[in-house]
Structure formats: structure tokens, C-alpha cells
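> Provided herewith: model-v4.cif, mmCIF, C-alpha atoms.
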```
data_input
#
loop_
_atom_site.group_PDB
_atom_site.id
_atom_site.type_symbol
_atom_site.label_atom_id
_atom_site.label_comp_id
_atom_site.auth_asym_id
_atom_site.auth_seq_id
_atom_site.Cartn_x
_atom_site.Cartn_y
_atom_site.Cartn_z
ATOM 1 C CA MET A 3 -15.940 55.924 -14.894
ATOM 2 C CA THR A 4 -17.492 57.713 -11.938
ATOM 3 C CA MET A 5 -18.954 56.565 -8.641
ATOM 4 C CA PHE A 6 -22.464 56.901 -10.079
ATOM 5 C CA ASP A 7 -21.734 54.293 -12.769
ATOM 6 C CA CYS A 8 -21.424 51.677 -10.028
ATOM 7 C CA LEU A 9 -24.737 52.608 -8.428
ATOM 8 C CA GLY A 10 -27.794 50.463 -8.974
ATOM 9 C CA MET A 11 -27.816 46.746 -8.449
ATOM 10 C CA THR A 12 -29.883 43.747 -9.424
ATOM 11 C CA ALA A 13 -31.542 42.398 -6.290
ATOM 12 C CA LEU A 14 -34.289 40.233 -7.781
ATOM 13 C CA ILE A 15 -34.978 38.894 -11.268
ATOM 14 C CA GLN A 16 -38.539 37.974 -12.237
ATOM 15 C CA ILE A 17 -39.229 35.853 -15.294
ATOM 16 C CA GLY A 18 -42.762 35.067 -16.388
ATOM 17 C CA THR A 19 -43.989 32.456 -18.837
ATOM 18 C CA ILE A 20 -47.543 31.537 -19.763
ATOM 19 C CA ASP A 21 -47.626 28.595 -17.346
ATOM 20 C CA GLU A 22 -45.357 29.595 -14.508
ATOM 21 C CA ASP A 23 -43.609 32.610 -13.013
ATOM 22 C CA PHE A 24 -40.201 32.597 -11.352
ATOM 23 C CA LEU A 25 -38.676 34.898 -8.763
ATOM 24 C CA ILE A 26 -34.911 34.463 -8.921
ATOM 25 C CA ASP A 27 -32.655 35.455 -6.056
ATOM 26 C CA PRO A 28 -29.415 36.466 -7.813
ATOM 27 C CA PHE A 29 -27.127 36.510 -4.753
ATOM 28 C CA PRO A 30 -26.627 32.745 -4.263
ATOM 29 C CA LEU A 31 -26.968 32.035 -7.995
ATOM 30 C CA TYR A 32 -24.599 34.560 -9.472
ATOM 31 C CA MET A 33 -22.523 32.081 -11.528
ATOM 32 C CA GLU A 34 -25.592 30.107 -12.685
ATOM 33 C CA ILE A 35 -27.193 33.274 -14.007
ATOM 34 C CA TYR A 36 -23.915 34.310 -15.614
ATOM 35 C CA LYS A 37 -23.519 30.943 -17.372
ATOM 36 C CA ASP A 38 -27.010 29.528 -18.043
ATOM 37 C CA LEU A 39 -29.620 32.276 -17.838
ATOM 38 C CA LYS A 40 -27.422 34.410 -20.067
ATOM 39 C CA LYS A 41 -27.910 31.909 -22.909
ATOM 40 C CA ILE A 42 -31.685 32.195 -22.665
ATOM 41 C CA LEU A 43 -31.778 35.978 -22.454
ATOM 42 C CA GLU A 44 -29.376 36.260 -25.382
ATOM 43 C CA ASP A 45 -31.317 33.747 -27.486
ATOM 44 C CA SER A 46 -32.840 35.591 -30.434
ATOM 45 C CA GLN A 47 -35.550 32.944 -30.926
ATOM 46 C CA LYS A 48 -37.171 33.778 -27.586
ATOM 47 C CA LEU A 49 -39.071 37.025 -27.370
ATOM 48 C CA LYS A 50 -38.400 39.000 -24.198
ATOM 49 C CA ILE A 51 -40.965 41.498 -22.981
ATOM 50 C CA ILE A 52 -39.797 44.251 -20.703
ATOM 51 C CA TYR A 53 -41.511 47.342 -19.360
ATOM 52 C CA ALA A 54 -39.330 50.486 -19.294
ATOM 53 C CA ALA A 55 -36.129 48.686 -20.117
ATOM 54 C CA GLU A 56 -33.611 51.437 -19.312
ATOM 55 C CA ASN A 57 -32.538 50.251 -15.848
ATOM 56 C CA GLU A 58 -33.033 46.566 -16.505
ATOM 57 C CA VAL A 59 -30.810 46.481 -19.560
ATOM 58 C CA ASN A 60 -28.048 48.465 -17.855
ATOM 59 C CA TRP A 61 -28.072 46.473 -14.629
ATOM 60 C CA LEU A 62 -28.129 43.076 -16.334
ATOM 61 C CA ARG A 63 -25.334 44.140 -18.637
ATOM 62 C CA ARG A 64 -23.156 45.382 -15.797
ATOM 63 C CA ASP A 65 -23.854 42.751 -13.131
ATOM 64 C CA PHE A 66 -24.083 39.623 -15.318
ATOM 65 C CA ASP A 67 -22.692 40.693 -18.704
ATOM 66 C CA ILE A 68 -26.050 39.889 -20.343
ATOM 67 C CA GLU A 69 -26.918 41.604 -23.620
ATOM 68 C CA ILE A 70 -30.639 40.963 -24.102
ATOM 69 C CA GLN A 71 -31.544 39.991 -27.664
ATOM 70 C CA ASN A 72 -34.956 40.162 -29.352
ATOM 71 C CA MET A 73 -36.655 42.359 -26.818
ATOM 72 C CA ILE A 74 -39.809 44.438 -26.938
ATOM 73 C CA ASP A 75 -40.367 47.342 -24.616
ATOM 74 C CA CYS A 76 -44.051 47.121 -23.724
ATOM 75 C CA GLN A 77 -44.027 50.759 -22.620
ATOM 76 C CA LEU A 78 -43.219 51.845 -26.168
ATOM 77 C CA LEU A 79 -45.888 49.520 -27.533
ATOM 78 C CA TYR A 80 -48.438 51.066 -25.189
ATOM 79 C CA MET A 81 -47.306 54.589 -26.091
ATOM 80 C CA LEU A 82 -47.776 53.657 -29.740
ATOM 81 C CA HIS A 83 -51.234 52.291 -29.008
ATOM 82 C CA ALA A 84 -52.375 55.215 -26.851
ATOM 83 C CA SER A 85 -50.415 57.790 -28.924
ATOM 84 C CA MET A 86 -48.818 59.252 -25.818
ATOM 85 C CA ASN A 87 -45.673 61.356 -25.550
ATOM 86 C CA THR A 88 -45.103 60.823 -21.822
ATOM 87 C CA LYS A 89 -43.905 57.507 -20.443
ATOM 88 C CA PRO A 90 -46.703 55.813 -18.495
ATOM 89 C CA GLY A 91 -46.139 53.470 -15.559
ATOM 90 C CA LEU A 92 -47.142 49.821 -15.649
ATOM 91 C CA SER A 93 -50.049 50.390 -13.246
ATOM 92 C CA LEU A 94 -51.632 52.956 -15.582
ATOM 93 C CA CYS A 95 -51.106 50.667 -18.537
ATOM 94 C CA VAL A 96 -52.714 47.712 -16.724
ATOM 95 C CA GLU A 97 -55.666 49.839 -15.599
ATOM 96 C CA ASN A 98 -56.359 50.881 -19.178
ATOM 97 C CA ILE A 99 -55.844 47.483 -20.769
ATOM 98 C CA PHE A 100 -57.661 45.496 -18.055
ATOM 99 C CA PRO A 101 -60.285 47.854 -16.605
ATOM 100 C CA GLY A 102 -61.034 47.160 -12.948
ATOM 101 C CA PHE A 103 -57.635 45.675 -12.140
ATOM 102 C CA LYS A 104 -55.296 47.793 -10.023
ATOM 103 C CA LEU A 105 -51.618 47.228 -9.330
ATOM 104 C CA SER A 106 -50.370 48.488 -5.988
ATOM 105 C CA LYS A 107 -47.047 50.291 -6.181
ATOM 106 C CA GLU A 108 -46.350 50.465 -2.445
ATOM 107 C CA GLU A 109 -43.277 48.256 -2.578
ATOM 108 C CA THR A 110 -41.561 50.093 -5.430
ATOM 109 C CA HIS A 111 -38.978 51.872 -3.291
ATOM 110 C CA CYS A 112 -38.416 49.255 -0.617
ATOM 111 C CA ASP A 113 -35.050 47.621 0.012
ATOM 112 C CA TRP A 114 -34.982 44.682 -2.365
ATOM 113 C CA ARG A 115 -31.732 43.339 -0.899
ATOM 114 C CA ARG A 116 -33.386 42.154 2.287
ATOM 115 C CA ARG A 117 -33.859 38.406 2.744
ATOM 116 C CA PRO A 118 -36.180 36.644 3.201
ATOM 117 C CA LEU A 119 -38.621 38.606 1.064
ATOM 118 C CA THR A 120 -41.900 39.542 2.715
ATOM 119 C CA GLU A 121 -45.186 38.249 1.313
ATOM 120 C CA SER A 122 -46.165 41.706 0.038
ATOM 121 C CA MET A 123 -42.817 41.998 -1.780
ATOM 122 C CA LYS A 124 -43.307 38.589 -3.357
ATOM 123 C CA THR A 125 -46.827 39.379 -4.552
ATOM 124 C CA TYR A 126 -45.685 42.758 -5.885
ATOM 125 C CA ALA A 127 -42.781 41.176 -7.781
ATOM 126 C CA HIS A 128 -44.986 38.402 -9.116
ATOM 127 C CA LEU A 129 -47.818 40.700 -10.198
ATOM 128 C CA ASP A 130 -45.402 42.917 -12.108
ATOM 129 C CA VAL A 131 -44.242 40.136 -14.366
ATOM 130 C CA TYR A 132 -47.584 38.317 -14.502
ATOM 131 C CA THR A 133 -49.529 41.354 -15.690
ATOM 132 C CA LEU A 134 -46.765 42.427 -18.051
ATOM 133 C CA LEU A 135 -47.084 39.260 -20.113
ATOM 134 C CA ARG A 136 -50.887 39.523 -20.277
ATOM 135 C CA VAL A 137 -50.741 43.208 -21.138
ATOM 136 C CA TYR A 138 -48.354 42.457 -23.985
ATOM 137 C CA LEU A 139 -50.540 39.660 -25.360
ATOM 138 C CA LYS A 140 -53.607 41.861 -25.337
ATOM 139 C CA LEU A 141 -51.768 44.868 -26.739
ATOM 140 C CA ARG A 142 -50.362 42.698 -29.474
ATOM 141 C CA THR A 143 -53.795 41.698 -30.698
ATOM 142 C CA ILE A 144 -55.026 45.307 -30.559
ATOM 143 C CA VAL A 145 -51.977 46.788 -32.261
ATOM 144 C CA SER A 146 -51.845 44.061 -34.901
ATOM 145 C CA CYS A 147 -55.499 44.721 -35.780
ATOM 146 C CA ILE A 148 -54.714 48.408 -36.225
ATOM 147 C CA PHE A 149 -51.580 47.542 -38.136
ATOM 148 C CA PHE A 150 -53.259 45.153 -40.555
ATOM 149 C CA THR A 151 -56.005 47.649 -41.360
ATOM 150 C CA SER A 152 -53.465 50.433 -41.804
ATOM 151 C CA ARG A 153 -51.388 48.096 -43.962
ATOM 152 C CA TYR A 154 -54.372 47.758 -46.279
ATOM 153 C CA PHE A 155 -54.802 51.521 -46.599
ATOM 154 C CA LEU A 156 -51.160 52.611 -46.557
ATOM 155 C CA ASN A 157 -49.964 49.784 -48.787
ATOM 156 C CA ILE A 158 -47.241 48.592 -46.394
ATOM 157 C CA PRO A 159 -45.358 45.491 -47.559
ATOM 158 C CA LYS A 160 -46.352 42.213 -45.953
ATOM 159 C CA TRP A 161 -42.953 41.311 -44.557
ATOM 160 C CA TYR A 162 -42.787 44.608 -42.645
ATOM 161 C CA SER A 163 -44.272 43.093 -39.495
ATOM 162 C CA PRO A 164 -45.392 44.873 -36.314
ATOM 163 C CA HIS A 165 -42.519 43.146 -34.528
ATOM 164 C CA GLN A 166 -40.100 45.010 -36.666
ATOM 165 C CA TYR A 167 -42.155 48.153 -36.394
ATOM 166 C CA THR A 168 -41.838 48.184 -32.601
ATOM 167 C CA LEU A 169 -38.181 47.249 -32.801
ATOM 168 C CA VAL A 170 -37.538 50.105 -35.203
ATOM 169 C CA ARG A 171 -39.256 52.450 -32.782
ATOM 170 C CA THR A 172 -37.041 51.299 -29.938
ATOM 171 C CA TYR A 173 -33.979 52.043 -32.000
ATOM 172 C CA VAL A 174 -35.232 55.422 -33.193
ATOM 173 C CA TYR A 175 -36.116 56.766 -29.745
ATOM 174 C CA MET B 29 -25.077 66.879 -57.662
ATOM 175 C CA THR B 30 -27.017 67.965 -54.597
ATOM 176 C CA GLY B 31 -23.913 67.638 -52.491
ATOM 177 C CA ARG B 32 -22.060 70.039 -54.735
ATOM 178 C CA LEU B 33 -24.907 72.536 -54.599
ATOM 179 C CA CYS B 34 -24.831 72.499 -50.813
ATOM 180 C CA VAL B 35 -21.124 73.180 -50.755
ATOM 181 C CA ASN B 36 -21.662 76.161 -53.030
ATOM 182 C CA ILE B 37 -24.326 77.555 -50.720
ATOM 183 C CA GLN B 38 -22.073 77.374 -47.719
ATOM 184 C CA SER B 39 -19.431 79.395 -49.539
ATOM 185 C CA ASN B 40 -21.888 82.023 -50.919
ATOM 186 C CA LYS B 41 -24.205 82.523 -47.975
ATOM 187 C CA GLN B 42 -25.004 86.160 -48.681
ATOM 188 C CA THR B 43 -26.084 85.680 -52.276
ATOM 189 C CA THR B 44 -28.700 82.911 -51.840
ATOM 190 C CA SER B 45 -32.206 83.649 -50.628
ATOM 191 C CA ARG B 46 -33.560 82.213 -47.387
ATOM 192 C CA ALA B 47 -36.209 80.049 -49.033
ATOM 193 C CA LYS B 48 -33.699 78.622 -51.443
ATOM 194 C CA LYS B 49 -31.337 77.875 -48.560
ATOM 195 C CA LYS B 50 -34.090 76.075 -46.704
ATOM 196 C CA LYS B 51 -34.995 74.009 -49.729
ATOM 197 C CA LEU B 52 -31.411 73.066 -50.385
ATOM 198 C CA PHE B 53 -30.816 72.293 -46.707
ATOM 199 C CA PHE B 54 -33.507 69.633 -46.903
ATOM 200 C CA GLU B 55 -31.988 68.337 -50.107
ATOM 201 C CA LYS B 56 -28.642 68.150 -48.389
ATOM 202 C CA SER B 57 -30.046 66.240 -45.417
ATOM 203 C CA ARG B 58 -31.706 63.842 -47.833
ATOM 204 C CA PHE B 59 -28.438 63.480 -49.676
ATOM 205 C CA THR B 60 -26.590 62.506 -46.471
ATOM 206 C CA GLU B 61 -29.348 60.029 -45.610
ATOM 207 C CA LEU B 62 -28.998 58.421 -49.000
ATOM 208 C CA THR B 63 -25.277 57.968 -48.663
ATOM 209 C CA GLU B 64 -25.577 56.376 -45.200
ATOM 210 C CA THR B 65 -27.340 53.194 -46.289
ATOM 211 C CA GLU B 66 -26.283 50.629 -48.842
ATOM 212 C CA ASN B 67 -29.610 50.551 -50.608
ATOM 213 C CA PRO B 68 -31.445 53.694 -49.534
ATOM 214 C CA SER B 69 -34.768 52.825 -51.071
ATOM 215 C CA LEU B 70 -35.045 49.764 -48.806
ATOM 216 C CA ASP B 71 -34.407 51.627 -45.572
ATOM 217 C CA PRO B 72 -37.732 51.862 -43.624
ATOM 218 C CA LYS B 73 -36.799 55.256 -42.216
ATOM 219 C CA ASN B 74 -36.494 56.677 -45.714
ATOM 220 C CA ALA B 75 -39.542 58.161 -47.436
ATOM 221 C CA LEU B 76 -38.485 56.500 -50.664
ATOM 222 C CA PHE B 77 -39.019 53.123 -49.023
ATOM 223 C CA PHE B 78 -42.786 53.077 -49.493
ATOM 224 C CA GLN B 79 -42.505 54.542 -52.963
ATOM 225 C CA HIS B 80 -40.055 51.825 -53.918
ATOM 226 C CA ALA B 81 -42.353 49.154 -52.456
ATOM 227 C CA ARG B 82 -45.300 50.399 -54.520
ATOM 228 C CA GLN B 83 -43.294 50.685 -57.728
ATOM 229 C CA ASN B 84 -41.910 47.164 -57.446
ATOM 230 C CA ASN B 85 -45.273 45.712 -56.563
ATOM 231 C CA MET B 86 -43.843 44.705 -53.141
ATOM 232 C CA LYS B 87 -41.560 42.047 -54.568
ATOM 233 C CA ILE B 88 -38.748 42.763 -52.166
ATOM 234 C CA ALA B 89 -37.409 39.343 -51.393
ATOM 235 C CA ASN B 90 -33.841 38.472 -50.390
ATOM 236 C CA THR B 91 -33.128 41.785 -48.728
ATOM 237 C CA LYS B 92 -31.516 42.386 -45.351
ATOM 238 C CA GLN B 93 -34.864 43.209 -43.742
ATOM 239 C CA ARG B 94 -36.329 40.005 -45.083
ATOM 240 C CA GLN B 95 -33.567 38.000 -43.434
ATOM 241 C CA ILE B 96 -34.113 39.754 -40.091
ATOM 242 C CA SER B 97 -37.843 39.087 -40.182
ATOM 243 C CA HIS B 98 -37.117 35.406 -40.761
ATOM 244 C CA SER B 99 -34.943 35.165 -37.701
ATOM 245 C CA LEU B 100 -37.631 36.752 -35.512
ATOM 246 C CA PRO B 101 -40.658 34.754 -34.378
ATOM 247 C CA LYS B 102 -43.627 35.468 -36.610
ATOM 248 C CA TRP B 103 -46.293 37.898 -35.472
ATOM 249 C CA THR B 104 -48.993 35.431 -36.351
ATOM 250 C CA ASP B 105 -47.450 32.601 -34.284
ATOM 251 C CA ILE B 106 -49.904 32.786 -31.404
ATOM 252 C CA THR B 107 -51.065 29.758 -29.479
ATOM 253 C CA GLU B 108 -54.487 29.159 -27.939
ATOM 254 C CA THR B 109 -53.103 29.386 -24.423
ATOM 255 C CA GLU B 110 -51.654 32.788 -25.259
ATOM 256 C CA ILE B 111 -55.017 33.979 -26.537
ATOM 257 C CA CYS B 112 -56.755 32.729 -23.386
ATOM 258 C CA ALA B 113 -54.099 34.346 -21.223
ATOM 259 C CA SER B 114 -54.617 37.702 -22.911
ATOM 260 C CA TYR B 115 -58.259 37.795 -21.772
ATOM 261 C CA VAL B 116 -57.968 36.365 -18.275
ATOM 262 C CA LEU B 117 -56.178 38.058 -15.414
ATOM 263 C CA SER B 118 -56.245 35.780 -12.377
ATOM 264 C CA PRO B 119 -52.968 36.115 -10.469
ATOM 265 C CA ASN B 120 -54.243 34.050 -7.530
ATOM 266 C CA SER B 121 -54.384 30.909 -9.651
ATOM 267 C CA ALA B 122 -50.942 31.496 -11.170
ATOM 268 C CA LYS B 123 -48.036 29.242 -10.337
ATOM 269 C CA ILE B 124 -45.096 30.994 -8.670
ATOM 270 C CA SER B 125 -41.799 29.415 -7.754
ATOM 271 C CA ILE B 126 -38.979 31.029 -5.867
ATOM 272 C CA VAL B 127 -35.563 30.159 -7.224
ATOM 273 C CA ASP B 128 -32.833 30.450 -4.615
ATOM 274 C CA ASP B 129 -30.828 27.236 -4.953
ATOM 275 C CA LYS B 130 -29.290 25.155 -7.719
ATOM 276 C CA ASP B 131 -32.016 22.485 -7.862
ATOM 277 C CA SER B 132 -34.841 24.963 -8.328
ATOM 278 C CA PHE B 133 -32.664 26.806 -10.836
ATOM 279 C CA ASP B 134 -32.301 23.646 -12.934
ATOM 280 C CA VAL B 135 -36.059 23.072 -12.837
ATOM 281 C CA MET B 136 -36.596 26.635 -13.972
ATOM 282 C CA MET B 137 -34.144 26.252 -16.832
ATOM 283 C CA THR B 138 -36.042 23.264 -18.244
ATOM 284 C CA VAL B 139 -39.222 25.365 -18.328
ATOM 285 C CA LEU B 140 -37.447 28.364 -19.836
ATOM 286 C CA TYR B 141 -35.806 26.323 -22.608
ATOM 287 C CA LYS B 142 -39.283 25.337 -23.841
ATOM 288 C CA ALA B 143 -40.880 28.782 -23.561
ATOM 289 C CA LYS B 144 -40.786 31.134 -26.519
ATOM 290 C CA LEU B 145 -42.267 34.170 -24.826
ATOM 291 C CA LEU B 146 -40.731 35.547 -21.647
ATOM 292 C CA ALA B 147 -41.711 38.517 -19.538
ATOM 293 C CA LEU B 148 -38.682 39.918 -17.769
ATOM 294 C CA ASP B 149 -38.465 42.337 -14.895
ATOM 295 C CA VAL B 150 -35.675 43.277 -12.551
ATOM 296 C CA GLU B 151 -36.043 44.759 -9.080
ATOM 297 C CA GLY B 152 -33.089 46.592 -7.696
ATOM 298 C CA ASN B 153 -31.832 49.483 -5.719
ATOM 299 C CA GLN B 154 -30.756 52.626 -7.446
ATOM 300 C CA LYS B 155 -28.701 53.901 -4.501
ATOM 301 C CA HIS B 156 -26.672 50.784 -3.782
ATOM 302 C CA SER B 157 -24.137 48.761 -5.694
ATOM 303 C CA TYR B 158 -23.342 45.067 -5.835
ATOM 304 C CA LEU B 159 -19.789 45.722 -4.719
ATOM 305 C CA GLY B 160 -21.046 47.686 -1.696
ATOM 306 C CA TYR B 161 -23.408 44.866 -0.828
ATOM 307 C CA LYS B 162 -20.550 42.352 -0.930
ATOM 308 C CA ILE B 163 -18.346 44.561 1.277
ATOM 309 C CA ILE B 164 -21.124 44.948 3.875
ATOM 310 C CA GLN B 165 -21.723 41.184 3.800
ATOM 311 C CA TYR B 166 -18.000 40.585 4.289
ATOM 312 C CA TYR B 167 -17.802 42.919 7.306
ATOM 313 C CA ASN B 168 -20.915 41.347 8.815
ATOM 314 C CA ASN B 169 -19.312 37.923 8.530
ATOM 315 C CA ILE B 170 -16.142 39.176 10.216
ATOM 316 C CA SER B 171 -18.069 40.809 13.053
ATOM 317 C CA ALA B 172 -20.056 37.596 13.552
ATOM 318 C CA TYR B 173 -16.818 35.714 14.259
#
```
Take the structure from the file and write it as C-alpha cells.

Amino acid sequence: MTMFDCLGMTALIQIGTIDEDFLIDPFPLYMEIYKDLKKILEDSQKLKIIYAAENEVNWLRRDFDIEIQNMIDCQLLYMLHASMNTKPGLSLCVENIFPGFKLSKEETHCDWRRRPLTESMKTYAHLDVYTLLRVYLKLRTIVSCIFFTSRYFLNIPKWYSPHQYTLVRTYVY
Amino acid sequence: MTGRLCVNIQSNKQTTSRAKKKKLFFEKSRFTELTETENPSLDPKNALFFQHARQNNMKIANTKQRQISHSLPKWTDITETEICASYVLSPNSAKISIVDDKDSFDVMMTVLYKAKLLALDVEGNQKHSYLGYKIIQYYNNISAY
């Protein structure tokens, strides 16, 4: 273990559902996250959508001992859809999926440990998770349409669902 | 059989031609792939997978993959609200709640227990650590006294 393994910390957790979005401050709620939120993130019946999961998975594992189950990386889904080799950012993905909508990335490198959060930080954090869910839902319909047509031509078995297809891709790469 | 052939090639490198080596290398790699899985024809990464599916008229029930797909939520399980949400992007009308105490956390948990689809994102600092943050907080508290 080196010094660099300790670097990187979870300063804010955003969770978005269809009806409501939550910005969770982990510092006063460390034990609650460790006990209760862990159950939800490790529940295989709930589908978790993440964009570029490398940091998120590592930080949650190290800080709260959370191993996320049943997760889809939306970045990989978008790369599959757009047949890209490079990893696109969320803003590019949102621009392409919802033309005319732009995500500002000004607050990306700000100090997320500061409290209270400024209004611009709150809107940035909220927009990230809000758009991510909508992008996934739209991508899912697009990719499933492509998948069902390709299933007809390639003779892919019915049980081999796009869910599994994306999951297989995450394991392969 | 293929495994044996590969071993022979490695011992007699000079005698075999390059094309033959290449061909047998691929055979060898296929051979190792086959030995890795329990039922190689059902492994999606394997080329034989699709062939097997066609030959058996896609009657591949009670396999490992089938069990996994059952445990996952179905692709077709999409609600009307989800469909509407995928076409509308209006963040100003969205409901946000900031969770920084136990009461709001409990309210959040009731919502999350019902939800089946969650978008997750984490903001953090790459250069700092949680331990460092705690130490700084500790020293600040001391200096305050």
C-alpha cells in the first residue's frame, strides 16, 4: 500500500430516482451510509446507473466498504451506441442524446469538501445525476431497438438480453 | 488432441512452417478457452455459442446464464413514467433534497427502498484523503479551543 492508494475521497454522493434526486453529505452520515445505504447499493434487484464508474467504485469501496451490485456504466452503453473507442464525457453524451441541452462543467475541479455547498455546486451536482438517468432511459430505448433488430438478423437467443450484453462488455473491458 | 499438437510444435520449432504454426497457435488458444469454462458452447464469449444456439433451436433453458438473467430486472420492464422521463429534460421542475441529517436520511431511505432504478454519482477530490480531512478537522477543533 502506497500513499497514493489513500488519495481520493468521497465528498458528496448524489442519488437520482425518477421522482426525486438526493444530494447526500457523507461527513455527518458516515455510519448511516455504511449501514443502510450499503444495503441498497448492494441490492441486486435495483439497477444502478453510473457514468465512468472507475473512481466511484473505488472510493465507495474504500470509504464505505460498498461493493455495488447490478450496475451499468452509461459511458460504455453510449460508446456501444456511438461505436466510439475514446471515452466521452457526460456533457458530450447529453449534448448528443438531448440536442440543445448543455451541461456546464465549471465546477468539476472545485473543492467538494467545503460546506455549505454553493448554489452553483448544488445545481452542478444535481444536473449530473438528473441527466444521467434520462440519458440512460433514452439510450436504453435506442440500444434495445438496435438490439432487437440485430437479434432478428443474427439469430441471438431471446434470453440473451441487452442488460447482460452491457454487463458482459463491462467485464470484458 | 490439439493440446498435444501444440506441445509438439514448441519442441520442434525449426521443422514446422510459419503458416502451420500460426494455424496451430489459434487452435491452441481455442483449446485453452474450451478448457476454462464448464460448458464451453454456452459461454457468450465463445464463437461456438451462437452455433450451439442455432443447432439446438435456442432451447437453452436451465443454464447458468438463464439463472442470472432471471435475477436481473427484465429489459422490457419499463414504466410509463420512465418513458415520459426519457423524452423530457426539465431540471428546474425536478425535486431535489439535501440529506445532511438523520431525519432527512430516513426519508430518503423510504424513497430509495421503493425505487428500482437509481442513478448514482459521487463527487470527490482526487488529491485529498478522508483521513487527511479528519486530521485537519481535528486540528481546527483544537485551535478553536
> At what distance in Å, to one decimal, does atom CA of A:Phe29 lie from atom CA of A:Arg136?
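Here the two named atoms are 28.5 Å from each other.
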> Check every residue of chain A for an atom within 7 Å of chain B, counting all atoms listed in the file, and provide those that qualify as a count of residues only.
42
> Between atom CA of A:Pro118 and atom CA of A:Ile70, what is the distance, to one decimal in Å?
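Interatomic distance here is 28.2 Å.
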> Which value, in Å to one decimal, gives the distance between atom CA of A:Val145 and atom CA of A:Ile42?
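Spanning atom CA of A:Val145 to atom CA of A:Ile42 is a straight-line distance of 26.8 Å.
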> Let me have the centre and edge lengths in Å, one decimal, of the box along x, y and z around every listed atom of stretch 68-87 of chain A with 6 Å of margin on each side, as JSON.

```
{"center_x": -39.2, "center_y": 50.6, "center_z": -25.0, "size_x": 38.3, "size_y": 33.5, "size_z": 21.4}
```
> So which one's closest to A:Phe100, A:Thr120, A:Asp45, A:Thr133, A:Glu56? Using all atoms listed in the file, please.
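Among the listed residues, A:Thr133 lies closest to A:Phe100.
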